[in-house]
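**Q** My structure file input.cif, mmCIF, C-alpha atoms, is below:
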data_query
loop_
_atom_site.label_atom_id
_atom_site.label_comp_id
_atom_site.auth_asym_id
_atom_site.auth_seq_id
_atom_site.Cartn_x
_atom_site.Cartn_y
_atom_site.Cartn_z
CA MET I 102 13.26 -26.12 6.52
CA LYS I 103 10.25 -24.31 5.10
CA LYS I 104 9.96 -20.55 5.31
CA LEU I 105 7.05 -18.71 6.84
CA THR I 106 4.94 -16.74 4.44
CA THR I 107 1.97 -14.48 4.85
CA ILE I 108 0.23 -12.43 2.19
CA ILE I 109 -1.65 -9.27 3.06
CA ALA I 110 -4.25 -8.16 0.56
CA LEU I 111 -5.05 -4.50 1.03
CA ALA I 112 -8.30 -3.86 -0.77
CA LEU I 113 -9.26 -0.27 -1.53
CA VAL I 114 -6.20 0.93 0.32
CA LEU I 115 -5.97 4.09 -1.72
CA THR I 116 -8.79 6.51 -1.22
CA ILE I 117 -9.09 9.80 -2.99
CA GLY I 118 -9.49 12.82 -0.81
CA GLY I 119 -9.18 12.53 2.86
CA VAL I 120 -6.90 13.08 5.74
CA TYR I 121 -4.95 16.13 4.60
CA ALA I 122 -7.25 18.06 2.32
CA ALA I 123 -10.23 17.97 0.02
CA TRP I 124 -10.32 18.03 -3.73
CA ASN I 125 -12.35 21.18 -4.30
CA TYR I 126 -14.11 22.00 -7.56
CA PHE I 127 -16.68 24.61 -8.44
CA GLN I 128 -19.35 21.95 -7.94
CA GLY I 129 -18.26 21.68 -4.29
CA GLY I 130 -16.08 19.38 -2.27
CA ALA I 131 -15.13 16.02 -3.67
CA THR I 132 -13.61 14.36 -0.66
CA GLY I 133 -15.09 10.92 -1.29
CA ALA I 134 -15.55 8.31 1.39
CA THR I 135 -12.79 7.57 3.84
CA ALA I 136 -12.00 3.86 3.68
CA GLN I 137 -9.68 2.03 6.00
CA PRO I 138 -7.50 -0.65 4.45
CA ARG I 139 -8.76 -4.15 5.00
CA ILE I 140 -6.42 -7.04 5.61
CA GLY I 141 -7.08 -10.40 4.05
CA MET I 142 -4.91 -13.22 5.22
CA ALA I 143 -4.91 -14.90 1.85
CA THR I 144 -2.14 -17.35 2.74
CA VAL I 145 -0.36 -18.35 5.92
CA SER I 146 1.78 -21.40 5.24
CA TYR I 147 4.34 -22.94 7.51
CA ASN I 148 5.42 -26.37 8.69
CA GLY I 149 4.75 -25.75 12.38
CA GLU I 150 8.39 -25.57 13.39
CA LYS I 151 8.72 -21.84 14.09
CA GLY I 152 5.47 -19.92 14.38
CA THR I 153 3.22 -17.48 12.50
CA ILE I 154 3.46 -14.03 10.93
CA THR I 155 0.46 -11.72 11.30
CA ALA I 156 -0.17 -8.17 10.19
CA ASP I 157 -2.48 -5.37 11.30
CA THR I 158 -3.32 -2.61 8.81
CA THR I 159 -5.80 -0.68 10.97
CA ALA I 160 -3.30 2.15 11.60
CA LEU I 161 -2.48 2.65 7.90
CA THR I 162 -4.12 5.05 5.45
CA LEU I 163 -2.83 5.76 1.95
CA LEU I 164 -4.32 8.56 -0.13
CA VAL I 165 -4.29 9.95 -3.61
CA ASP I 166 -4.45 13.61 -2.66
CA ASP I 167 -4.36 17.04 -4.28
CA MET I 168 -0.69 17.72 -3.61
CA SER I 169 -1.13 21.49 -3.83
CA THR I 170 -3.04 21.27 -0.54
CA VAL I 171 -0.59 18.96 1.27
CA SER I 172 1.69 20.86 3.64
CA GLY I 173 5.35 20.53 2.75
CA SER I 174 4.79 18.99 -0.70
CA GLY I 175 6.25 21.99 -2.50
CA ILE I 176 3.69 21.55 -5.29
CA ASN I 177 1.66 24.57 -6.33
CA THR I 178 -0.21 23.10 -9.32
CA GLN I 179 -3.86 22.79 -8.29
CA HIS I 180 -5.46 19.33 -8.60
CA LYS I 181 -2.12 17.55 -9.16
CA ALA I 182 -2.53 14.02 -7.80
CA GLY I 183 0.09 12.39 -5.62
CA LEU I 184 0.44 9.67 -3.00
CA THR I 185 0.37 10.57 0.69
CA GLY I 186 -0.39 8.65 3.84
CA VAL I 187 -0.24 8.19 7.58
CA GLY I 188 0.52 5.28 9.88
CA SER I 189 2.01 1.85 9.36
CA ILE I 190 1.33 -1.87 9.20
CA ALA I 191 2.24 -3.70 12.41
CA ILE I 192 3.97 -7.03 11.72
CA THR I 193 4.16 -9.64 14.48
CA PHE I 194 5.97 -12.98 14.54
CA THR I 195 4.69 -15.36 17.19
CA PRO I 196 7.07 -18.25 17.89
CA LYS I 197 5.55 -21.68 18.30
CA ALA I 198 6.17 -23.63 21.47
CA GLY I 199 9.22 -25.78 20.95
CA ALA I 200 10.89 -23.46 18.40
CA ASP I 201 14.65 -22.96 18.71
CA ALA I 202 15.67 -20.71 21.63
CA ASP I 203 17.18 -18.16 19.23
CA VAL I 204 13.86 -17.91 17.35
CA VAL I 205 11.86 -17.65 20.58
CA ASN I 206 14.17 -14.93 21.95
CA ASN I 207 14.95 -12.95 18.80
CA GLY I 208 12.35 -13.79 16.17
CA ILE I 209 13.12 -14.19 12.49
CA LYS I 210 14.39 -12.10 9.57
CA MET I 211 11.60 -10.98 7.23
CA GLN I 212 11.14 -9.18 3.95
CA ALA I 213 8.12 -7.69 2.21
CA THR I 214 7.27 -7.71 -1.49
CA LEU I 215 4.59 -5.40 -2.87
CA SER I 216 2.49 -6.14 -5.94
CA VAL I 217 -0.62 -4.62 -7.47
CA THR I 218 -3.48 -6.47 -9.14
CA LYS I 219 -6.63 -5.31 -10.89
CA ILE I 220 -10.10 -6.78 -10.55
CA ASN I 221 -10.70 -5.89 -14.20
CA ALA I 222 -7.57 -6.18 -16.35
CA GLU I 223 -8.86 -3.43 -18.63
CA SER I 224 -9.13 -0.84 -15.82
CA LYS I 225 -6.95 2.06 -16.97
CA TYR I 226 -7.24 5.83 -16.77
CA ASN I 227 -6.56 7.43 -20.17
CA GLY I 228 -4.79 4.22 -21.22
CA LYS I 229 -2.46 4.11 -18.20
CA ASP I 230 -2.49 2.01 -15.04
CA ALA I 231 -3.82 4.05 -12.13
CA ILE I 232 -1.21 2.56 -9.82
CA SER I 233 1.59 0.03 -10.19
CA VAL I 234 4.78 -1.10 -8.43
CA ASP I 235 8.36 -0.09 -9.19
CA PRO I 236 10.09 -3.49 -9.58
CA ALA I 237 13.38 -2.07 -8.26
CA LYS I 238 11.70 -1.06 -4.98
CA ALA I 239 9.05 -3.75 -4.65
CA THR I 240 11.03 -5.95 -2.23
CA PHE I 241 12.62 -4.69 0.98
CA GLU I 242 13.85 -6.17 4.26
CA LEU I 243 11.95 -5.47 7.45
CA ASN I 244 13.64 -4.16 10.60
CA GLY I 245 16.80 -3.36 8.63
CA GLY I 246 17.34 -7.06 7.92
CA ALA I 247 17.70 -7.97 11.61
CA ALA I 248 15.69 -10.75 13.25
CA CYS I 249 12.70 -9.53 15.22
CA LYS I 250 9.36 -10.56 16.67
CA SER I 251 7.63 -7.26 15.87
CA THR I 252 8.25 -4.51 13.36
CA THR I 253 6.36 -2.15 11.09
CA ILE I 254 6.03 -1.27 7.43
CA SER I 255 5.61 2.50 7.21
CA TYR I 256 3.37 4.25 4.74
CA GLU I 257 6.55 5.86 3.32
CA GLN I 258 8.00 2.42 2.48
CA ILE I 259 4.81 1.48 0.66
CA ILE I 260 4.50 4.79 -1.20
CA ASP I 261 8.18 4.58 -2.20
CA ALA I 262 7.47 1.30 -3.99
CA LEU I 263 4.29 2.49 -5.73
CA VAL I 264 4.01 4.35 -9.04
CA LEU I 265 0.98 6.55 -9.64
CA TYR I 266 -0.27 6.80 -13.23
CA GLU I 267 2.84 5.11 -14.67
CA GLY I 268 5.00 7.98 -13.38
CA GLU I 269 3.27 10.57 -15.57
CA GLU I 270 1.87 13.83 -14.19
CA LEU I 271 -1.78 13.37 -13.21
CA ILE I 272 -3.95 16.49 -13.07
CA LEU I 273 -7.63 15.98 -12.23
CA ASP I 274 -8.96 19.41 -13.19
CA THR I 275 -12.66 18.59 -13.07
CA LYS I 276 -14.93 16.68 -10.75
CA ALA I 277 -15.79 14.37 -13.66
CA GLU I 278 -12.08 13.48 -14.01
CA TYR I 279 -11.84 12.98 -10.27
CA ASP I 280 -14.88 10.68 -10.26
CA GLU I 281 -13.58 8.63 -13.19
CA PHE I 282 -10.13 8.19 -11.64
CA ALA I 283 -11.71 7.22 -8.30
CA ARG I 284 -13.90 4.64 -10.06
CA ILE I 285 -10.93 3.09 -11.87
CA LEU I 286 -8.71 3.16 -8.78
CA SER I 287 -11.28 1.09 -6.88
CA ASP I 288 -10.44 -1.85 -9.19
CA TYR I 289 -6.83 -1.96 -7.95
CA GLN I 290 -5.55 -3.92 -4.95
CA ILE I 291 -2.16 -3.74 -3.29
CA HIS I 292 -0.74 -7.00 -1.99
CA ILE I 293 2.12 -7.30 0.48
CA ASN I 294 3.78 -10.70 0.73
CA ILE I 295 5.82 -11.06 3.94
CA VAL I 296 8.27 -13.95 4.07
CA GLU I 297 11.01 -15.23 6.31
CA ILE I 298 14.49 -14.82 4.87
CA ALA I 299 17.74 -16.53 5.79
#
Please express what this file holds, its structure, as structure tokens.

**A**
Amino acid sequence: MKKLTTIIALALVLTIGGVYAAWNYFQGGATGATAQPRIGMATVSYNGEKGTITADTTALTLLVDDMSTVSGSGINTQHKAGLTGVGSIAITFTPKAGADADVVNNGIKMQATLSVTKINAESKYNGKDAISVDPAKATFELNGGAACKSTTISYEQIIDALVLYEGEELILDTKAEYDEFARILSDYQIHINIVEIA
């Protein structure tokens, strides 16, 4: 029996600036453009026995923000970059007519695996990847490992699996540094591969 697989490509998911605060420099605000994640259904493969997995990213926003301006962050260092977000990705399994009664009634068990790719392999900020994935946290079960027809992937789950600037402290003290990091970050894409598990 083949497993259902869907890959979500989130292009330009991470914006700099945004929902919580602005990056402020003497030159003025540097909030950047607010971009919503875009979903690309790169692959949906199945043998027609069970159904399809779809995902909706319209309620998800991830940000690289000035953590000194984020309420509750506990960070006082001005212009220290960190990952924040709001919302979630809605995952839906739609059973196919004729699927087993258990699948129709309860859905399937699913897991997500995050990965990061770069449009330009040489895109680095001061010799380090702008964003990457922690291999130990890249794969996680959805809905606590229980079968379901709908569930979500929270922004916290995604941020937990991501590593900003290879885990090093990132301070963007000037607008020029901010602009350069924003330019490099735009080359990175986060992919989420959602698969059925046994």

**Q** Can you measure CA of Ile254 in chain I to CA of Ser189 in chain I for me? One decimal in Å is fine.

**A**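 Computing the Euclidean distance for CA of Ile254 in chain I and CA of Ser189 in chain I yields 5.4 Å.
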
**Q** Which residues, named as in the file, does the PyMOL selection byres ((chain I and resi 208-225) around 8) pick out? Answer as JSON, numbers by chain.

**A** {"I": [194, 195, 196, 203, 204, 205, 206, 207, 226, 227, 228, 229, 230, 231, 232, 233, 234, 239, 240, 241, 242, 243, 244, 246, 247, 248, 249, 250, 259, 262, 285, 288, 289, 290, 291, 292, 293, 294, 295, 296, 297, 298, 299]}

**Q** Return as a PyMOL selection string the set of residues that the PyMOL selection byres ((chain I and resi 172-187) around 8) yields on the displayed structure.

**A** chain I and resi 124+160-171+188-189+256-257+260+265+270-274

**Q** What does the distance between CA of Ala237 in chain I and CA of Thr153 in chain I come to in Å, to one decimal place?

**A**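 Spanning CA of Ala237 in chain I to CA of Thr153 in chain I is a straight-line distance of 27.8 Å.
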
**Q** Provide the CA of Ser255 in chain I to CA of Ala191 in chain I distance in Å, to one decimal place.

**A**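 Between CA of Ser255 in chain I and CA of Ala191 in chain I the gap is 8.8 Å.
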
**Q** Let me know the residues the PyMOL selection byres ((chain I and resi 197-199) around 6) catches in the file above, as a short mmCIF file (atom, residue, chain, number, x, y, z; two decimals) with C-alpha atoms, keeping the file's coordinate frame.

**A**
data_model
loop_
_atom_site.label_atom_id
_atom_site.label_comp_id
_atom_site.auth_asym_id
_atom_site.auth_seq_id
_atom_site.Cartn_x
_atom_site.Cartn_y
_atom_site.Cartn_z
CA LYS I 151 8.72 -21.84 14.09
CA GLY I 152 5.47 -19.92 14.38
CA PRO I 196 7.07 -18.25 17.89
CA ALA I 200 10.89 -23.46 18.40
#

**Q** Work out where the centre of an axis-aligned box around every listed atom of range 212-228 of chain I lies and how long its edges are once 4 Å is added on each side; give both in Å to one decimal as JSON.

**A**
{"center_x": 0.2, "center_y": -0.9, "center_z": -8.6, "size_x": 29.8, "size_y": 24.6, "size_z": 33.2}

**Q** Choose the residue, out of I:Tyr266, I:Leu286, I:Ile192, I:Asp280, that has the smallest atom-to-atom separation from Ile154 in chain I; count only C-alpha atoms.

**A** I:Ile192
